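Structure record follows, encoded as structure tokens.
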Amino acid sequence: MTHKTFPSWPDVAPHLIETAAGRSPADTVIRNGKWVNVHTREVLDGHDIAIKAGRIAYVGPDASYCTGPDTQVIEAEGRYMVPGLCDGHMHIESGMLTPAEFARAVIPHGTTTMFTDPHEIANVLGLEGVRLMHDEALLQPVNIYTQMPSCAPSAPGLETTGYEISAEDVIEAMTWPGIIGLGEMMNFPGVANGDAKMLAEIAATQRAGKTVGGHYASPDLGPDFAAYVAGGPADDHEGTCEADAIARMRQGMRAMVRLGSAWYDVEAQITAITEKGLDPRNFILCTDDCHSGTLVNDGHMNRVVRHAIDCGCDPLVAIQMATINTATHFGLEREIGSITPGRRADVILTSDLKTLPIEVVIARGQIVAESGSIKVECPHLDWPAHARGTVHLGHELTARDFELAAPEGANAVTANVIGVVENQAPTKALKAELPVQDGLVEGTEDVCQIALVERHRATGGVTNAFVSGFGYEGKMAMASTVAHDSHHMIVVGTDRAQMALAANRLAEVGGGITIFRDGEELALVELPIAGLMSDSPASEVAANAQKLVEAMEACGCKLNNAYMQHSLLALVVIPELRISDLGLVDVRSFKKIPVIEPFNE
């Protein structure tokens, strides 16, 4: 795979010097703007930026001395000149888009740098999938750094993935040009207990001089947390309250705080800065998971920054949390994250720092978006055929595959039920009394059925359980091959025949999301690449995703971003209760538990 390498600062330093000294004209000058300096947290009026070879040569009150007859002049007209925004932790696959189409969607929102962890595709296609994501990322006109996934499976022994990531895979990936570090270390019990494989992956990353991403999804801040921090993860985005952010920062980690499509964790944690007055340098904003509808309709990192400001954060501090703080964390403060000499010329022009309208986006010295419209091409990789054929069920499913037999003689049972929590990743471990009809356990008004359908090895396996909180009504079912993190197929429904229809439909189209009611398909989002992504434009995917949202609502679901909740029900590293291809998992104890409690006549 070939890609155009962006020249380094040492490569172009002679040209930067010549331009800054006035001996050679700049390629581009941004004239008469308010310089947002994230190093000093100042706004300096009446400044210019001179750009040479895609990097900043000079920032000061007058760049006319390095402006030549062929220099492109961009009039800032008194607007704020803000560094391009950085997303410190995210998964491109969650947008249901390839890297090219994700970049095309977020560039107009002012995102010029992303730190991506492709562990979704790693679970389906292994190291090859990571390499494909990495290669397409390097083709883009903005900066997409790749973190090598650390945990596939995320919870060994509790789920089965399409492929497993090994320490040898991590060692190899650390030599690739676009790898910035290790993706979120989700196996936090493994690290805390000194698991040799997890520690080998961390060691390989540290020895390569790169950053280890964290994921500590437990409220326990005692010895297990201390052991996890001692193991090496440098950041964590799983905090949900002020105490979480404070604990991480006090221990020398960066608190990565997310606002995604379904994660609303900023407001509860930013009080560590706005009320407790802690140093904000170790506070980083990120999205984690944003689906295409959010990207098209609401924004990306600009949305997160605006939200932080709305939560009481000083605008300049919020901008630091999405620029220089992120760059510093990954050892790139001399490369990105600020408008200063030598750095990549990634600049946003905006007329207001609080509402942050993104009016012009410049990346590597080139105008890449203006007034919400993309101005550059985002090249696509030629994805191989086998990456588009990853749904293997083994046989056509029927309603019988979704039956859950009751203990002999039982008229009712006590079931362990997954409880969905709106706008948060954690679930609740609930118990419910469920009726038995003709020897089969049935759902109730608030409890419907969930199934995990194996799709990597065509085993024909189906794990059945129950879930509460979606509010579905009538005979319906929804299925998705986006099923974090092992990405089998999650089917949720009130009727077993509809569940079979939905599952078989996704096998037919090669992956995606569908919803059926009374034998009719109400909506379909096709995701043919690894069953996770589409290479269609974000607007098309978002339009289909909106039809899906409307179909869910028509079936009685009123949850905000309920699809994200659906797709995470197999995420066996976040408490409390999840489903996997191996059974029902209590993440508090990392043990499998029965769906039906022991029955005593």
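Ligands are numbered from 1 in the order shown, residues from 1 within each chain, and chains are lettered A, B, ... in the order they appear in the structure tokens.
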
Enumerate the residues of stretch 486-573 of chain A with a DSSP assignment of alpha helix (DSSP H), computed from the backbone, and present them as a compact mmCIF listing (two decimals) with all heavy atoms, in the first residue's frame.
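File produced: selection-v8.txt:
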# COMPACT_ATOMS: atom_id res chain seq x y z
N ARG A 496 -40.36 -14.49 18.23
CA ARG A 496 -39.26 -15.31 17.74
C ARG A 496 -39.24 -15.44 16.22
O ARG A 496 -38.17 -15.51 15.60
CB ARG A 496 -39.31 -16.68 18.41
CG ARG A 496 -38.95 -16.62 19.90
CD ARG A 496 -38.91 -18.00 20.53
NE ARG A 496 -40.24 -18.52 20.82
CZ ARG A 496 -40.90 -18.31 21.96
NH1 ARG A 496 -40.36 -17.57 22.91
NH2 ARG A 496 -42.09 -18.85 22.16
N ALA A 497 -40.38 -15.46 15.58
CA ALA A 497 -40.42 -15.55 14.12
C ALA A 497 -39.83 -14.29 13.48
O ALA A 497 -39.12 -14.35 12.47
CB ALA A 497 -41.86 -15.77 13.63
N GLN A 498 -40.12 -13.13 14.08
CA GLN A 498 -39.55 -11.88 13.57
C GLN A 498 -38.04 -11.86 13.79
O GLN A 498 -37.29 -11.34 12.95
CB GLN A 498 -40.20 -10.68 14.26
CG GLN A 498 -41.72 -10.63 14.20
CD GLN A 498 -42.26 -10.66 12.79
OE1 GLN A 498 -41.86 -9.88 11.93
NE2 GLN A 498 -43.18 -11.59 12.54
N MET A 499 -37.59 -12.43 14.89
CA MET A 499 -36.16 -12.49 15.16
C MET A 499 -35.44 -13.30 14.10
O MET A 499 -34.35 -12.92 13.63
CB MET A 499 -35.91 -13.05 16.57
CG MET A 499 -36.44 -12.16 17.69
SD MET A 499 -36.34 -12.90 19.34
CE MET A 499 -34.59 -12.69 19.71
N ALA A 500 -36.03 -14.40 13.70
CA ALA A 500 -35.43 -15.23 12.65
C ALA A 500 -35.39 -14.48 11.32
O ALA A 500 -34.38 -14.52 10.59
CB ALA A 500 -36.21 -16.53 12.51
N LEU A 501 -36.46 -13.78 10.99
CA LEU A 501 -36.51 -12.99 9.75
C LEU A 501 -35.39 -11.95 9.73
O LEU A 501 -34.70 -11.78 8.71
CB LEU A 501 -37.87 -12.30 9.61
CG LEU A 501 -39.06 -13.16 9.19
CD1 LEU A 501 -40.35 -12.35 9.29
CD2 LEU A 501 -38.87 -13.68 7.77
N ALA A 502 -35.22 -11.25 10.84
CA ALA A 502 -34.22 -10.19 10.90
C ALA A 502 -32.81 -10.75 10.77
O ALA A 502 -31.97 -10.22 10.02
CB ALA A 502 -34.38 -9.40 12.20
N ALA A 503 -32.53 -11.84 11.48
CA ALA A 503 -31.19 -12.44 11.42
C ALA A 503 -30.86 -12.94 10.02
O ALA A 503 -29.77 -12.70 9.49
CB ALA A 503 -31.09 -13.58 12.43
N ASN A 504 -31.80 -13.61 9.39
CA ASN A 504 -31.56 -14.14 8.04
C ASN A 504 -31.38 -13.02 7.02
O ASN A 504 -30.62 -13.17 6.06
CB ASN A 504 -32.71 -15.06 7.63
CG ASN A 504 -32.74 -16.35 8.43
OD1 ASN A 504 -31.70 -16.87 8.84
ND2 ASN A 504 -33.94 -16.88 8.68
N ARG A 505 -32.08 -11.94 7.23
CA ARG A 505 -31.95 -10.81 6.30
C ARG A 505 -30.53 -10.24 6.32
O ARG A 505 -29.96 -9.92 5.27
CB ARG A 505 -32.94 -9.71 6.68
CG ARG A 505 -32.84 -8.44 5.87
CD ARG A 505 -33.16 -8.66 4.42
NE ARG A 505 -33.40 -7.38 3.73
CZ ARG A 505 -33.14 -7.17 2.45
NH1 ARG A 505 -32.68 -8.16 1.70
NH2 ARG A 505 -33.38 -5.99 1.91
N LEU A 506 -29.92 -10.15 7.51
CA LEU A 506 -28.56 -9.63 7.58
C LEU A 506 -27.55 -10.59 6.97
O LEU A 506 -26.54 -10.17 6.39
CB LEU A 506 -28.20 -9.31 9.03
CG LEU A 506 -28.99 -8.17 9.67
CD1 LEU A 506 -28.42 -7.82 11.04
CD2 LEU A 506 -29.02 -6.93 8.78
N ALA A 507 -27.81 -11.87 7.08
CA ALA A 507 -26.95 -12.85 6.39
C ALA A 507 -27.05 -12.66 4.88
O ALA A 507 -26.05 -12.77 4.16
CB ALA A 507 -27.35 -14.26 6.79
N GLU A 508 -28.24 -12.33 4.41
CA GLU A 508 -28.47 -12.15 2.97
C GLU A 508 -27.72 -10.95 2.42
O GLU A 508 -27.13 -11.01 1.33
CB GLU A 508 -29.98 -11.98 2.72
CG GLU A 508 -30.36 -11.68 1.28
CD GLU A 508 -31.83 -11.30 1.14
OE1 GLU A 508 -32.61 -11.56 2.08
OE2 GLU A 508 -32.19 -10.73 0.09
N VAL A 509 -27.70 -9.83 3.17
CA VAL A 509 -27.10 -8.59 2.65
C VAL A 509 -25.64 -8.42 3.07
O VAL A 509 -24.98 -7.46 2.67
CB VAL A 509 -27.91 -7.35 3.06
CG1 VAL A 509 -29.33 -7.43 2.54
CG2 VAL A 509 -27.89 -7.15 4.58
N ALA A 538 -21.63 9.56 4.13
CA ALA A 538 -22.25 9.62 5.45
C ALA A 538 -23.70 10.06 5.38
O ALA A 538 -24.54 9.59 6.15
CB ALA A 538 -21.46 10.56 6.35
N SER A 539 -24.01 10.96 4.44
CA SER A 539 -25.39 11.45 4.33
C SER A 539 -26.35 10.32 3.99
O SER A 539 -27.47 10.27 4.51
CB SER A 539 -25.47 12.56 3.27
OG SER A 539 -25.00 12.10 2.02
N GLU A 540 -25.90 9.40 3.11
CA GLU A 540 -26.77 8.27 2.74
C GLU A 540 -26.94 7.30 3.91
O GLU A 540 -28.03 6.83 4.20
CB GLU A 540 -26.18 7.54 1.54
CG GLU A 540 -26.19 8.34 0.25
CD GLU A 540 -25.63 7.56 -0.91
OE1 GLU A 540 -25.51 6.31 -0.80
OE2 GLU A 540 -25.28 8.18 -1.95
N VAL A 541 -25.83 7.01 4.58
CA VAL A 541 -25.89 6.10 5.73
C VAL A 541 -26.74 6.72 6.84
O VAL A 541 -27.56 6.04 7.47
CB VAL A 541 -24.48 5.78 6.24
CG1 VAL A 541 -24.54 4.87 7.46
CG2 VAL A 541 -23.66 5.10 5.14
N ALA A 542 -26.56 8.02 7.05
CA ALA A 542 -27.33 8.71 8.09
C ALA A 542 -28.83 8.70 7.77
O ALA A 542 -29.67 8.56 8.67
CB ALA A 542 -26.84 10.14 8.25
N ALA A 543 -29.17 8.85 6.49
CA ALA A 543 -30.59 8.83 6.10
C ALA A 543 -31.20 7.47 6.39
O ALA A 543 -32.33 7.37 6.90
CB ALA A 543 -30.73 9.19 4.62
N ASN A 544 -30.46 6.41 6.08
CA ASN A 544 -30.96 5.06 6.39
C ASN A 544 -31.01 4.82 7.89
O ASN A 544 -31.94 4.17 8.40
CB ASN A 544 -30.08 4.01 5.71
CG ASN A 544 -30.25 3.99 4.21
OD1 ASN A 544 -31.33 4.31 3.69
ND2 ASN A 544 -29.21 3.63 3.48
N ALA A 545 -30.02 5.36 8.61
CA ALA A 545 -30.02 5.22 10.07
C ALA A 545 -31.20 5.96 10.69
O ALA A 545 -31.77 5.50 11.68
CB ALA A 545 -28.70 5.73 10.64
N GLN A 546 -31.57 7.08 10.09
CA GLN A 546 -32.73 7.83 10.60
C GLN A 546 -34.02 7.03 10.41
O GLN A 546 -34.89 7.03 11.28
CB GLN A 546 -32.83 9.19 9.91
CG GLN A 546 -33.99 10.05 10.38
CD GLN A 546 -33.97 10.32 11.88
OE1 GLN A 546 -32.90 10.48 12.47
NE2 GLN A 546 -35.15 10.41 12.49
N LYS A 547 -34.12 6.34 9.29
CA LYS A 547 -35.28 5.47 9.08
C LYS A 547 -35.32 4.37 10.13
O LYS A 547 -36.40 3.98 10.59
CB LYS A 547 -35.23 4.87 7.67
CG LYS A 547 -35.43 5.89 6.55
CD LYS A 547 -35.28 5.23 5.18
CE LYS A 547 -35.38 6.26 4.07
NZ LYS A 547 -35.15 5.64 2.73
N LEU A 548 -34.13 3.90 10.52
CA LEU A 548 -34.06 2.89 11.56
C LEU A 548 -34.56 3.45 12.89
O LEU A 548 -35.33 2.80 13.61
CB LEU A 548 -32.62 2.40 11.71
CG LEU A 548 -32.39 1.30 12.73
CD1 LEU A 548 -32.80 -0.04 12.16
CD2 LEU A 548 -30.93 1.27 13.18
N VAL A 549 -34.12 4.66 13.23
CA VAL A 549 -34.58 5.30 14.47
C VAL A 549 -36.09 5.45 14.46
O VAL A 549 -36.78 5.17 15.45
CB VAL A 549 -33.90 6.68 14.63
CG1 VAL A 549 -34.53 7.47 15.78
CG2 VAL A 549 -32.40 6.51 14.87
N GLU A 550 -36.63 5.88 13.33
CA GLU A 550 -38.08 6.06 13.22
C GLU A 550 -38.81 4.73 13.34
O GLU A 550 -39.89 4.65 13.95
CB GLU A 550 -38.41 6.73 11.89
CG GLU A 550 -37.91 8.18 11.81
CD GLU A 550 -37.96 8.75 10.40
OE1 GLU A 550 -38.39 8.01 9.47
OE2 GLU A 550 -37.55 9.91 10.21
N ALA A 551 -38.22 3.67 12.81
CA ALA A 551 -38.82 2.34 12.92
C ALA A 551 -38.81 1.85 14.36
O ALA A 551 -39.78 1.24 14.84
CB ALA A 551 -38.09 1.35 12.02
N MET A 552 -37.71 2.12 15.07
CA MET A 552 -37.65 1.74 16.49
C MET A 552 -38.73 2.48 17.28
O MET A 552 -39.39 1.89 18.15
CB MET A 552 -36.26 2.03 17.05
CG MET A 552 -35.15 1.19 16.44
SD MET A 552 -33.50 1.62 17.05
CE MET A 552 -33.53 0.85 18.66
N GLU A 553 -38.89 3.75 16.98
CA GLU A 553 -39.93 4.53 17.66
C GLU A 553 -41.32 4.00 17.33
O GLU A 553 -42.20 3.92 18.21
CB GLU A 553 -39.82 6.01 17.28
CG GLU A 553 -38.56 6.68 17.83
CD GLU A 553 -38.39 8.10 17.31
OE1 GLU A 553 -39.15 8.50 16.40
OE2 GLU A 553 -37.48 8.80 17.81
N ALA A 554 -41.51 3.61 16.08
CA ALA A 554 -42.81 3.06 15.67
C ALA A 554 -43.12 1.75 16.40
O ALA A 554 -44.28 1.39 16.57
CB ALA A 554 -42.83 2.85 14.16
N ALA A 562 -31.21 4.74 21.04
CA ALA A 562 -31.41 3.36 21.47
C ALA A 562 -30.58 2.37 20.65
O ALA A 562 -30.23 1.30 21.16
CB ALA A 562 -32.89 3.01 21.38
N TYR A 563 -30.27 2.71 19.41
CA TYR A 563 -29.47 1.78 18.62
C TYR A 563 -28.10 1.54 19.26
O TYR A 563 -27.59 0.42 19.28
CB TYR A 563 -29.29 2.25 17.18
CG TYR A 563 -28.21 1.43 16.51
CD1 TYR A 563 -28.44 0.07 16.27
CD2 TYR A 563 -26.96 1.96 16.23
CE1 TYR A 563 -27.43 -0.72 15.73
CE2 TYR A 563 -25.96 1.17 15.71
CZ TYR A 563 -26.20 -0.17 15.46
OH TYR A 563 -25.20 -0.96 14.96
N MET A 564 -27.49 2.60 19.78
CA MET A 564 -26.19 2.43 20.43
C MET A 564 -26.30 1.49 21.62
O MET A 564 -25.42 0.66 21.86
CB MET A 564 -25.63 3.79 20.87
CG MET A 564 -25.24 4.69 19.72
SD MET A 564 -23.87 4.05 18.72
CE MET A 564 -22.51 4.18 19.87
N GLN A 565 -27.39 1.59 22.37
CA GLN A 565 -27.59 0.68 23.50
C GLN A 565 -27.70 -0.76 22.99
O GLN A 565 -27.12 -1.68 23.58
CB GLN A 565 -28.85 1.07 24.27
CG GLN A 565 -28.89 2.52 24.73
CD GLN A 565 -27.86 2.83 25.79
OE1 GLN A 565 -27.24 1.94 26.33
NE2 GLN A 565 -27.65 4.11 26.07
N HIS A 566 -28.43 -0.94 21.90
CA HIS A 566 -28.59 -2.26 21.31
C HIS A 566 -27.22 -2.85 20.94
O HIS A 566 -26.92 -4.01 21.26
CB HIS A 566 -29.47 -2.14 20.06
CG HIS A 566 -29.69 -3.43 19.32
ND1 HIS A 566 -30.90 -4.08 19.31
CD2 HIS A 566 -28.85 -4.20 18.57
CE1 HIS A 566 -30.80 -5.19 18.59
NE2 HIS A 566 -29.56 -5.28 18.12
N SER A 567 -26.39 -2.05 20.30
CA SER A 567 -25.13 -2.56 19.77
C SER A 567 -24.11 -2.88 20.87
O SER A 567 -23.11 -3.56 20.61
CB SER A 567 -24.52 -1.55 18.79
OG SER A 567 -24.09 -0.38 19.46

Using 12 Å as the limit and counting only C-alpha atoms, can you tabulate each residue of stretch 58-140 of chain A that touches stretch 513-528 of chain A, with its shortest atom-to-atom distance in Å and the two atoms involved, as JSON lines?
{"residue": "A:Glu93", "atom": "CA", "partner": "A:Leu527", "partner_atom": "CA", "distance": 10.1}
{"residue": "A:Ser94", "atom": "CA", "partner": "A:Leu527", "partner_atom": "CA", "distance": 11.2}
{"residue": "A:Gly95", "atom": "CA", "partner": "A:Leu527", "partner_atom": "CA", "distance": 10.8}
{"residue": "A:Met96", "atom": "CA", "partner": "A:Leu527", "partner_atom": "CA", "distance": 7.0}
{"residue": "A:Leu97", "atom": "CA", "partner": "A:Leu527", "partner_atom": "CA", "distance": 8.4}
{"residue": "A:Thr98", "atom": "CA", "partner": "A:Leu527", "partner_atom": "CA", "distance": 10.0}

Output N, CA and C atoms for every residue in the selection just made, as a compact mmCIF listing (two decimals), in the first residue's frame.
# COMPACT_ATOMS: atom_id res chain seq x y z
N GLU A 93 -15.38 2.83 13.10
CA GLU A 93 -16.42 1.87 12.74
C GLU A 93 -17.78 2.23 13.36
N SER A 94 -17.77 2.93 14.50
CA SER A 94 -19.03 3.30 15.15
C SER A 94 -19.83 4.28 14.31
N GLY A 95 -19.16 4.98 13.42
CA GLY A 95 -19.88 5.85 12.49
C GLY A 95 -20.50 5.09 11.34
N MET A 96 -20.26 3.76 11.31
CA MET A 96 -20.75 2.89 10.24
C MET A 96 -20.18 3.30 8.90
N LEU A 97 -19.00 3.92 8.92
CA LEU A 97 -18.36 4.46 7.74
C LEU A 97 -16.91 3.98 7.67
N THR A 98 -16.36 3.95 6.45
CA THR A 98 -14.94 3.70 6.29
C THR A 98 -14.16 4.95 6.70

Closest atom pairs, residues of stretch 314-351 of chain A within 10 Å of stretch 249-267 of chain A, only C-alpha atoms, as CSV:
residue,atom,partner,partner_atom,distance
A:Met321,CA,A:Met256,CA,9.2
A:Asn325,CA,A:Arg254,CA,9.1
A:Thr326,CA,A:Met256,CA,9.1
A:His329,CA,A:Arg254,CA,7.6

With C-alpha atoms kept, could you save the residues just selected as a PDB file, in the first residue's frame?
ATOM      1  CA  MET A 321      -8.951  20.079  25.962  1.00  0.00           C
ATOM      2  CA  ASN A 325      -3.899  18.618  25.690  1.00  0.00           C
ATOM      3  CA  THR A 326      -4.570  15.797  23.245  1.00  0.00           C
ATOM      4  CA  HIS A 329      -0.719  13.237  25.567  1.00  0.00           C
TER       5      HIS A 329
END

Would you give me, as CSV, each residue of stretch 465-490 of chain A having an atom within 10 Å of an atom of stretch 581-588 of chain A, along with its shortest atom pair and that distance in Å to one decimal, using only C-alpha atoms and sorting by chain and residue number?
residue,atom,partner,partner_atom,distance
A:Ala465,CA,A:Leu584,CA,7.2
A:Phe466,CA,A:Leu584,CA,9.6
A:Ser486,CA,A:Asp581,CA,9.0
A:His488,CA,A:Asp581,CA,7.9
A:Met489,CA,A:Asp581,CA,9.4
A:Ile490,CA,A:Asp581,CA,10.0

Write out, as a PDB file, in the first residue's frame, the residues just selected, with N, CA and C atoms.
ATOM      1  N   ALA A 465     -31.435 -14.894  25.889  1.00  0.00           N
ATOM      2  CA  ALA A 465     -31.591 -14.310  27.219  1.00  0.00           C
ATOM      3  C   ALA A 465     -32.698 -13.257  27.149  1.00  0.00           C
ATOM      4  N   PHE A 466     -32.728 -12.363  28.155  1.00  0.00           N
ATOM      5  CA  PHE A 466     -33.785 -11.349  28.204  1.00  0.00           C
ATOM      6  C   PHE A 466     -33.196  -9.974  28.501  1.00  0.00           C
ATOM      7  N   SER A 486     -17.182  -8.297  20.164  1.00  0.00           N
ATOM      8  CA  SER A 486     -16.864  -9.460  19.336  1.00  0.00           C
ATOM      9  C   SER A 486     -17.603  -9.447  18.003  1.00  0.00           C
ATOM     10  N   HIS A 488     -20.573 -10.418  16.795  1.00  0.00           N
ATOM     11  CA  HIS A 488     -21.421 -11.461  16.237  1.00  0.00           C
ATOM     12  C   HIS A 488     -22.695 -10.752  15.754  1.00  0.00           C
ATOM     13  N   MET A 489     -23.860 -11.228  16.094  1.00  0.00           N
ATOM     14  CA  MET A 489     -25.102 -10.556  15.720  1.00  0.00           C
ATOM     15  C   MET A 489     -26.005 -10.498  16.951  1.00  0.00           C
ATOM     16  N   ILE A 490     -26.471  -9.303  17.289  1.00  0.00           N
ATOM     17  CA  ILE A 490     -27.424  -9.140  18.387  1.00  0.00           C
ATOM     18  C   ILE A 490     -28.820  -8.993  17.800  1.00  0.00           C
TER      19      ILE A 490
END

Skip A:Val229 itself and residues of its chain fewer than 5 positions away, then list as a ChimeraX atom specification all residues within 10 Å of it, counting only C-alpha atoms.
/A:188,191-192,214,216,223-224,234-236,248,251-253

Please provide as a PyMOL selection string all residues within 7 Å of stretch 268-280 of chain A, with the sequence filter that same-chain residues fewer than 6 positions apart are discarded (counting only C-alpha atoms).
chain A and resi 240-242+245-246+312-313

Resulting file, chosen residues, N, CA, C and O atoms, as a compact mmCIF listing (two decimals), in the first residue's frame:
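For reference, again11.txt as written:
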# COMPACT_ATOMS: atom_id res chain seq x y z
N THR A 240 -17.48 8.21 34.72
CA THR A 240 -18.87 8.71 34.59
C THR A 240 -19.23 9.74 35.65
O THR A 240 -20.33 10.26 35.64
N CYS A 241 -18.30 10.04 36.57
CA CYS A 241 -18.60 11.01 37.62
C CYS A 241 -17.33 11.80 37.95
O CYS A 241 -16.22 11.44 37.54
N GLU A 242 -17.51 12.87 38.71
CA GLU A 242 -16.39 13.75 39.06
C GLU A 242 -15.26 12.99 39.74
O GLU A 242 -14.08 13.20 39.43
N ALA A 245 -12.88 11.27 37.27
CA ALA A 245 -11.92 12.17 36.61
C ALA A 245 -10.80 12.57 37.57
O ALA A 245 -9.62 12.58 37.21
N ILE A 246 -11.16 12.90 38.80
CA ILE A 246 -10.16 13.33 39.78
C ILE A 246 -9.19 12.19 40.07
O ILE A 246 -7.97 12.39 40.10
N GLY A 312 -20.27 25.01 31.54
CA GLY A 312 -19.60 25.97 32.41
C GLY A 312 -18.11 26.10 32.22
O GLY A 312 -17.45 26.84 32.96
N CYS A 313 -17.55 25.42 31.25
CA CYS A 313 -16.11 25.48 31.02
C CYS A 313 -15.75 26.75 30.25
O CYS A 313 -16.46 27.13 29.30

I'd like the contact shell of stretch 102-104 of chain A - 10 Å cut-off, only C-alpha atoms, skipping same-chain residues fewer than 5 positions apart - returned as a VMD selection string.
chain A and resid 92 to 97 109 111 to 114 137 140 to 144 291 to 292 295 368 to 369 373 to 379 535 537 to 538

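Atom CA of A:Ile121 lies 22.4 Å from atom CA of A:Pro426.
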
Pick out each residue of stretch 109-281 of chain A that DSSP on the backbone tags as strand (DSSP E or B); I need them as a PyMOL selection string.
chain A and resi 111-116+143-148+156+159+179-185+211-214+235-236+254-259+264

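Each of A:Ile180, A:Leu393, A:Thr5, A:Gly512 was compared to A:Phe330 using only C-alpha atoms, and A:Ile180 turns out to be the nearest.
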
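Taking atom CA of A:Pro10 and atom CA of A:Arg344 as endpoints, the distance between them is 12.4 Å.
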
Quick one: residues within 10 Å of A:Arg23, only C-alpha atoms, excluding same-chain residues fewer than 5 positions away - as a PDB file with N, CA and C atoms, in the first residue's frame?
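Okay, result_7.pdb is ready:
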ATOM      1  N   HIS A  15      12.968  25.712   4.576  1.00  0.00           N
ATOM      2  CA  HIS A  15      11.963  26.538   3.899  1.00  0.00           C
ATOM      3  C   HIS A  15      11.196  27.398   4.911  1.00  0.00           C
ATOM      4  N   ILE A  17      12.337  28.531   7.723  1.00  0.00           N
ATOM      5  CA  ILE A  17      13.252  29.599   8.145  1.00  0.00           C
ATOM      6  C   ILE A  17      13.302  30.710   7.104  1.00  0.00           C
ATOM      7  N   GLU A  18      13.417  30.323   5.829  1.00  0.00           N
ATOM      8  CA  GLU A  18      13.490  31.319   4.763  1.00  0.00           C
ATOM      9  C   GLU A  18      12.232  32.181   4.727  1.00  0.00           C
ATOM     10  N   TYR A  65       5.560  40.976   5.073  1.00  0.00           N
ATOM     11  CA  TYR A  65       6.949  40.889   4.633  1.00  0.00           C
ATOM     12  C   TYR A  65       7.291  39.513   4.032  1.00  0.00           C
ATOM     13  N   CYS A  66       6.443  38.506   4.307  1.00  0.00           N
ATOM     14  CA  CYS A  66       6.698  37.194   3.690  1.00  0.00           C
ATOM     15  C   CYS A  66       5.554  36.804   2.744  1.00  0.00           C
TER      16      CYS A  66
END
